[in-house]
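Chemist: So here's upload-v7.tsv (TSV, C-alpha atoms).
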chain	number	residue	atom	x	y	z
A	71	MET	CA	-0.45	26.61	-19.84
A	72	ALA	CA	-1.15	30.30	-20.52
A	73	ALA	CA	-4.49	29.48	-22.14
A	74	MET	CA	-5.57	27.52	-19.06
A	75	GLU	CA	-4.43	30.30	-16.75
A	76	ASN	CA	-6.85	32.65	-18.53
A	77	HIS	CA	-9.65	30.39	-17.29
A	78	ILE	CA	-8.71	30.97	-13.63
A	79	GLN	CA	-10.58	33.67	-11.75
A	80	LYS	CA	-8.23	33.74	-8.75
A	81	ILE	CA	-5.36	31.68	-7.34
A	82	LEU	CA	-6.34	30.40	-3.88
A	83	PHE	CA	-3.24	28.40	-2.95
A	84	THR	CA	0.16	28.91	-4.58
A	85	GLU	CA	2.62	26.20	-5.50
A	86	GLU	CA	4.81	27.26	-2.54
A	87	GLN	CA	1.92	27.17	-0.04
A	88	ILE	CA	0.91	23.70	-1.20
A	89	SER	CA	4.47	22.37	-1.03
A	90	GLN	CA	4.92	23.70	2.51
A	91	ARG	CA	1.63	22.20	3.71
A	92	VAL	CA	2.36	18.81	2.09
A	93	SER	CA	5.69	18.71	3.97
A	94	GLU	CA	3.89	19.48	7.25
A	95	LEU	CA	1.30	16.73	6.65
A	96	ALA	CA	4.03	14.21	5.79
A	97	SER	CA	5.90	15.10	9.00
A	98	GLN	CA	2.73	14.66	11.04
A	99	ILE	CA	2.04	11.24	9.49
A	100	THR	CA	5.66	10.14	9.99
A	101	LEU	CA	5.54	11.18	13.65
A	102	ASN	CA	2.17	9.54	14.36
A	103	PHE	CA	3.06	6.22	12.77
A	104	SER	CA	6.59	5.97	14.18
A	105	SER	CA	5.82	7.16	17.73
A	106	SER	CA	5.52	3.58	19.08
A	107	THR	CA	9.00	2.43	20.00
A	108	ASN	CA	10.46	-0.50	21.87
A	109	ASN	CA	12.83	-0.13	24.82
A	110	GLY	CA	15.80	0.26	22.51
A	111	GLY	CA	14.21	3.33	20.96
A	112	ALA	CA	13.77	1.76	17.54
A	113	PRO	CA	10.32	2.06	15.97
A	114	LEU	CA	8.13	-1.03	16.24
A	115	LEU	CA	6.83	-0.29	12.76
A	116	SER	CA	8.13	-2.83	10.26
A	117	SER	CA	7.48	-3.17	6.55
A	118	SER	CA	4.77	-5.72	7.37
A	119	SER	CA	2.94	-3.31	9.71
A	120	ALA	CA	3.72	-0.12	7.80
A	121	PRO	CA	0.74	1.85	6.51
A	122	VAL	CA	-0.73	1.37	3.07
A	123	VAL	CA	-1.19	4.77	1.44
A	124	VAL	CA	-4.16	4.61	-0.92
A	125	GLY	CA	-4.62	7.41	-3.42
A	126	VAL	CA	-8.13	8.12	-4.63
A	127	ALA	CA	-7.68	8.39	-8.39
A	128	THR	CA	-7.40	10.48	-10.32
A	129	GLY	CA	-7.55	13.74	-8.39
A	130	ALA	CA	-5.09	12.79	-5.65
A	131	PHE	CA	-2.22	11.60	-7.86
A	132	LEU	CA	-0.04	14.73	-7.60
A	133	PHE	CA	-0.73	15.19	-3.91
A	134	LEU	CA	-0.03	11.53	-3.20
A	135	ALA	CA	3.24	11.57	-5.18
A	136	ASP	CA	4.52	14.61	-3.29
A	137	LEU	CA	3.25	13.36	0.07
A	138	VAL	CA	4.75	9.84	0.02
A	139	ARG	CA	8.16	11.16	-1.03
A	140	LYS	CA	8.21	13.18	2.20
A	141	ILE	CA	6.89	10.45	4.53
A	142	ASN	CA	9.88	8.89	6.29
A	143	LEU	CA	8.35	5.42	6.75
A	144	PRO	CA	8.33	2.14	4.80
A	145	VAL	CA	4.92	2.68	3.19
A	146	SER	CA	3.14	0.71	0.46
A	147	VAL	CA	1.22	2.65	-2.19
A	148	ASP	CA	-1.88	1.72	-4.14
A	149	PHE	CA	-4.79	3.42	-5.89
A	150	VAL	CA	-8.54	3.05	-5.92
A	151	ARG	CA	-10.79	4.75	-8.43
A	152	VAL	CA	-14.21	6.03	-7.42
A	153	GLU	CA	-16.61	7.65	-9.86
A	154	SER	CA	-18.91	10.34	-8.50
A	155	TYR	CA	-18.63	13.49	-10.63
A	156	GLY	CA	-18.50	12.38	-14.25
A	157	SER	CA	-17.96	15.56	-16.27
A	158	GLY	CA	-20.01	17.84	-14.02
A	159	THR	CA	-19.23	20.12	-11.08
A	160	VAL	CA	-21.60	18.54	-8.56
A	161	SER	CA	-21.16	15.09	-7.06
A	162	SER	CA	-23.85	12.59	-8.07
A	163	GLY	CA	-24.03	11.50	-4.44
A	164	LYS	CA	-23.81	7.85	-5.51
A	165	PRO	CA	-20.12	7.01	-5.78
A	166	LYS	CA	-19.09	3.61	-7.06
A	167	ILE	CA	-15.71	1.88	-7.06
A	168	SER	CA	-14.61	1.34	-10.64
A	169	CYS	CA	-11.03	0.17	-10.01
A	170	ASP	CA	-10.09	-1.71	-6.86
A	171	LEU	CA	-6.89	-2.09	-4.82
A	172	LYS	CA	-4.27	-4.67	-5.70
A	173	ILE	CA	-2.66	-4.72	-2.23
A	174	ASP	CA	-4.22	-6.88	0.48
A	175	VAL	CA	-5.07	-4.51	3.35
A	176	THR	CA	-6.20	-7.17	5.83
A	177	GLY	CA	-4.96	-6.14	9.27
A	178	LYS	CA	-3.18	-3.09	7.81
A	179	HIS	CA	-3.25	0.59	8.64
A	180	VAL	CA	-4.68	2.43	5.63
A	181	ILE	CA	-4.23	6.13	4.90
A	182	LEU	CA	-6.71	7.30	2.28
A	183	VAL	CA	-5.30	10.21	0.31
A	184	GLU	CA	-7.93	12.50	-1.20
A	185	ASP	CA	-7.63	15.70	-3.20
A	186	ILE	CA	-10.79	17.16	-1.67
A	187	VAL	CA	-13.49	16.06	0.78
A	188	ASP	CA	-16.82	17.78	0.34
A	189	THR	CA	-20.07	15.82	0.77
A	190	GLY	CA	-18.33	12.85	2.42
A	191	ASN	CA	-20.17	10.37	0.19
A	192	THR	CA	-16.99	9.09	-1.49
A	193	LEU	CA	-15.27	8.64	1.88
A	194	ALA	CA	-18.26	6.76	3.30
A	195	CYS	CA	-18.22	4.42	0.29
A	196	LEU	CA	-14.45	3.82	0.64
A	197	PHE	CA	-14.62	3.29	4.40
A	198	GLU	CA	-17.24	0.57	4.00
A	199	HIS	CA	-15.18	-1.03	1.25
A	200	LEU	CA	-11.92	-0.97	3.25
A	201	LYS	CA	-13.64	-2.24	6.40
A	202	SER	CA	-15.01	-5.15	4.38
A	203	LYS	CA	-11.42	-5.89	3.30
A	204	GLY	CA	-10.29	-6.08	6.93
A	205	ALA	CA	-8.27	-2.86	7.35
A	206	SER	CA	-7.35	-2.48	11.04
A	207	SER	CA	-7.40	1.31	10.94
A	208	ILE	CA	-8.37	3.90	8.35
A	209	SER	CA	-7.03	7.45	8.32
A	210	VAL	CA	-7.80	10.21	5.85
A	211	CYS	CA	-5.31	12.71	4.46
A	212	THR	CA	-7.03	15.28	2.28
A	213	LEU	CA	-5.38	18.30	0.77
A	214	PHE	CA	-8.65	20.25	0.83
A	215	ASP	CA	-11.69	20.01	3.05
A	216	LYS	CA	-15.07	21.65	2.36
A	217	PRO	CA	-16.99	21.10	5.61
A	218	SER	CA	-19.73	23.46	4.39
A	219	LYS	CA	-20.70	20.80	1.81
A	220	ARG	CA	-20.66	17.83	4.20
A	221	LYS	CA	-23.68	15.53	4.00
A	222	VAL	CA	-22.16	12.40	5.53
A	223	ASN	CA	-19.86	12.37	8.55
A	224	VAL	CA	-17.56	9.36	8.51
A	225	GLU	CA	-16.28	7.81	11.72
A	226	LEU	CA	-12.58	7.01	11.58
A	227	VAL	CA	-11.71	3.33	11.99
A	228	GLY	CA	-9.40	2.00	14.71
A	229	GLU	CA	-6.77	4.57	15.58
A	230	GLY	CA	-7.34	6.45	12.33
A	231	LYS	CA	-6.76	10.19	12.13
A	232	PHE	CA	-8.03	12.99	9.88
A	233	TYR	CA	-5.25	15.04	8.28
A	234	ARG	CA	-6.34	18.20	6.49
A	235	GLY	CA	-4.20	20.45	4.37
A	236	PHE	CA	-6.46	23.45	3.91
A	237	GLU	CA	-10.08	24.35	4.47
A	238	CYS	CA	-11.41	25.18	1.03
A	239	PRO	CA	-13.96	27.95	0.50
A	240	ASP	CA	-17.11	27.02	-1.38
A	241	TYR	CA	-15.88	27.60	-4.93
A	242	PHE	CA	-15.26	25.19	-7.78
A	243	VAL	CA	-11.48	24.81	-7.69
A	244	VAL	CA	-9.01	23.24	-10.11
A	245	GLY	CA	-5.28	22.58	-10.34
A	246	TYR	CA	-2.74	20.36	-8.58
A	247	GLY	CA	-4.71	17.24	-9.54
A	248	LEU	CA	-8.19	18.74	-9.30
A	249	ASP	CA	-10.03	18.90	-12.59
A	250	PHE	CA	-13.07	20.00	-14.48
A	251	ALA	CA	-13.99	17.40	-17.14
A	252	GLU	CA	-10.45	15.95	-16.83
A	253	VAL	CA	-8.73	19.28	-17.64
A	254	TYR	CA	-6.63	21.65	-15.44
A	255	ARG	CA	-5.07	18.88	-13.29
A	256	ASN	CA	-1.56	19.95	-14.37
A	257	LEU	CA	-1.77	23.52	-13.06
A	258	PRO	CA	0.88	23.79	-10.30
A	259	TYR	CA	-1.39	25.86	-8.04
A	260	VAL	CA	-5.08	25.67	-7.04
A	261	GLY	CA	-7.44	28.35	-8.29
A	262	ILE	CA	-11.09	29.18	-8.74
A	263	LEU	CA	-12.36	28.27	-12.21
A	264	LYS	CA	-14.26	31.07	-13.93
A	265	PRO	CA	-17.98	30.18	-13.90
A	266	GLU	CA	-18.29	30.74	-17.65
A	267	MET	CA	-15.93	27.77	-18.18
A	268	TYR	CA	-18.48	25.32	-16.81
A	269	SER	CA	-21.87	27.06	-16.88
Let me see the structure of the file written as structure tokens.
Modeler:
Amino acid sequence: MAAMENHIQKILFTEEQISQRVSELASQITLNFSSSTNNGGAPLLSSSSAPVVVGVATGAFLFLADLVRKINLPVSVDFVRVESYGSGTVSSGKPKISCDLKIDVTGKHVILVEDIVDTGNTLACLFEHLKSKGASSISVCTLFDKPSKRKVNVELVGEGKFYRGFECPDYFVVGYGLDFAEVYRNLPYVGILKPEMYS
């Protein structure tokens, strides 16, 4: 770990900050999806209508694992893999789905869990894909958002919501699932990678 830490220019978000924000996001999701109650006060949400939490592999795996353990709802979990970066630092702009869902999302509420949203191209690709599969609503929960890089604005589907952990400054960041060429995902914090590591 020490060798990898030497490659980090600056820590942007500590392990503690991330953990606190993940808890807040999970509470928000729990509240939003359990707010509909019947006259007896019990939530209308059943296991058949509970949201399907879909992690965008591989970057979101740590975030998704921490998030779902703090969501107090009967959720289903699945993964989808989208290729857009390869081994570079800039998105190709042409994402493609390389590994599809196993869960049937027809008529379901889907929460897409992303590590980072920048151009919006990956989200646009996934939204079209999930709409074609009949999802009744699509929300996004991203740990990091880079609105300065946005090229495509995606309209949420149904009663979908956009949950954002942090706004990320325009640096190339790694850690807590985010990688460069498949390395640095296991750092417990998120930091700026020194430019000489990828230039």
Chemist: Taking all listed atoms of region 125-129 of chain A, build the axis-aligned box, pad each of the six sides by 3 Å, then write its centre and edge lengths in Å to one decimal as AutoDock Vina command-line options.
Modeler:
--center_x -6.4 --center_y 10.6 --center_z -6.9 --size_x 9.5 --size_y 12.3 --size_z 12.9
Chemist: Name the closest residue to Val147 (chain A) among the candidates A:Lys172, A:Lys80, A:Lys264, A:Lys201; distances are taken between atoms, counting only C-alpha atoms.
Modeler: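 Residue with the minimum atom-to-atom distance to Val147 (chain A): A:Lys172.
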Chemist: For a quick check of understanding, using only C-alpha atoms, which of A:Val92, A:Val224, A:Leu213, A:Val175 has the smallest distance to Ala194 (chain A)?
Modeler: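 Ranking A:Val92, A:Val224, A:Leu213, A:Val175 by distance to Ala194 (chain A), first place goes to A:Val224.
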Chemist: Looking at all atoms listed in the file, which of A:Gly261, A:Pro121, A:Gly190, A:Pro144 is the one that sits closest to Gly230 (chain A)?
Modeler: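 Among A:Gly261, A:Pro121, A:Gly190, A:Pro144, it is A:Pro121 that comes nearest to Gly230 (chain A).
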Chemist: Mind checking which residues fall within 9 Å of Gly204 (chain A), counting all atoms listed in the file, ignoring those fewer than 2 positions away in the same chain, and posting them as a list in words?
Modeler: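 What passes the distance filter is Asp174, Val175, Thr176, Gly177, Lys178, Leu200, Lys201, Ser202, Ser206 and Ser207 of chain A.
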Chemist: Write out as a list of chain:residue names which residues come within 8 Å of Ile208 (chain A) when counting only C-alpha atoms, dropping same-chain ones fewer than 2 positions away.
Modeler: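 Residues meeting the cut-off are A:His179, A:Val180, A:Ile181, A:Leu182, A:Phe197, A:Leu200, A:Ala205, A:Ser206, A:Val210, A:Leu226, A:Val227, A:Gly228, A:Glu229, A:Gly230, A:Lys231.
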Chemist: Do you have, as CSV, the list of residues of region 219-260 of chain A lying at most 8 Å from region 125-143 of chain A, each with its nearest atom pair and that distance in Å to one decimal, counting only C-alpha atoms and ordered by chain then number?
Modeler:
residue,atom,partner,partner_atom,distance
A:Tyr246,CA,A:Leu132,CA,6.3
A:Gly247,CA,A:Gly129,CA,4.7
A:Leu248,CA,A:Gly129,CA,5.1
A:Asp249,CA,A:Gly129,CA,7.1
A:Arg255,CA,A:Gly129,CA,7.5
Chemist: Find the distance between CA of Gln90 (chain A) and CA of Leu263 (chain A) and write it in Å to one decimal.
Modeler: 23.2 Å
Chemist: Kindly extract all protein, DNA and RNA residues lying within 8 Å of the coordinates (-14.0, 8.2, -2.7) given in the file, considering all atoms listed in the file, and supply them as an NGL selection string.
Modeler: :A and (126 or 151-154 or 165 or 167 or 184 or 191-196)
Chemist: In terms of the shortest atom-to-atom distance over all atoms listed in the file, which of A:Ser104, A:Gln98, A:Asn256, A:Asn223 is closest to Thr189 (chain A)?
Modeler: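 Once distances to Thr189 (chain A) are computed over all atoms listed in the file, the minimum belongs to A:Asn223.
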Chemist: Could you name the residues that touch Asp240 (chain A) at 9 Å or less, counting all atoms listed in the file, but leaving out those on the same chain fewer than 5 positions away, as a PyMOL selection string?
Modeler: chain A and resi 216+218-219
Chemist: Rounded to one decimal place, report the CA of Leu101 (chain A)-CA of Val222 (chain A) distance in Å.
Modeler: 28.9 Å
Chemist: Counting only C-alpha atoms, which residue out of A:Thr84, A:Ser168, A:Thr212, A:Ser146 sits closest to Gly245 (chain A)?
Modeler: A:Thr84
Chemist: May I ask which of the residues A:Glu198, A:Asp148, A:Asp170, A:Asp188 is the closest one to Cys238 (chain A), counting all atoms listed in the file?
Modeler: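 Among A:Glu198, A:Asp148, A:Asp170, A:Asp188, it is A:Asp188 that comes nearest to Cys238 (chain A).
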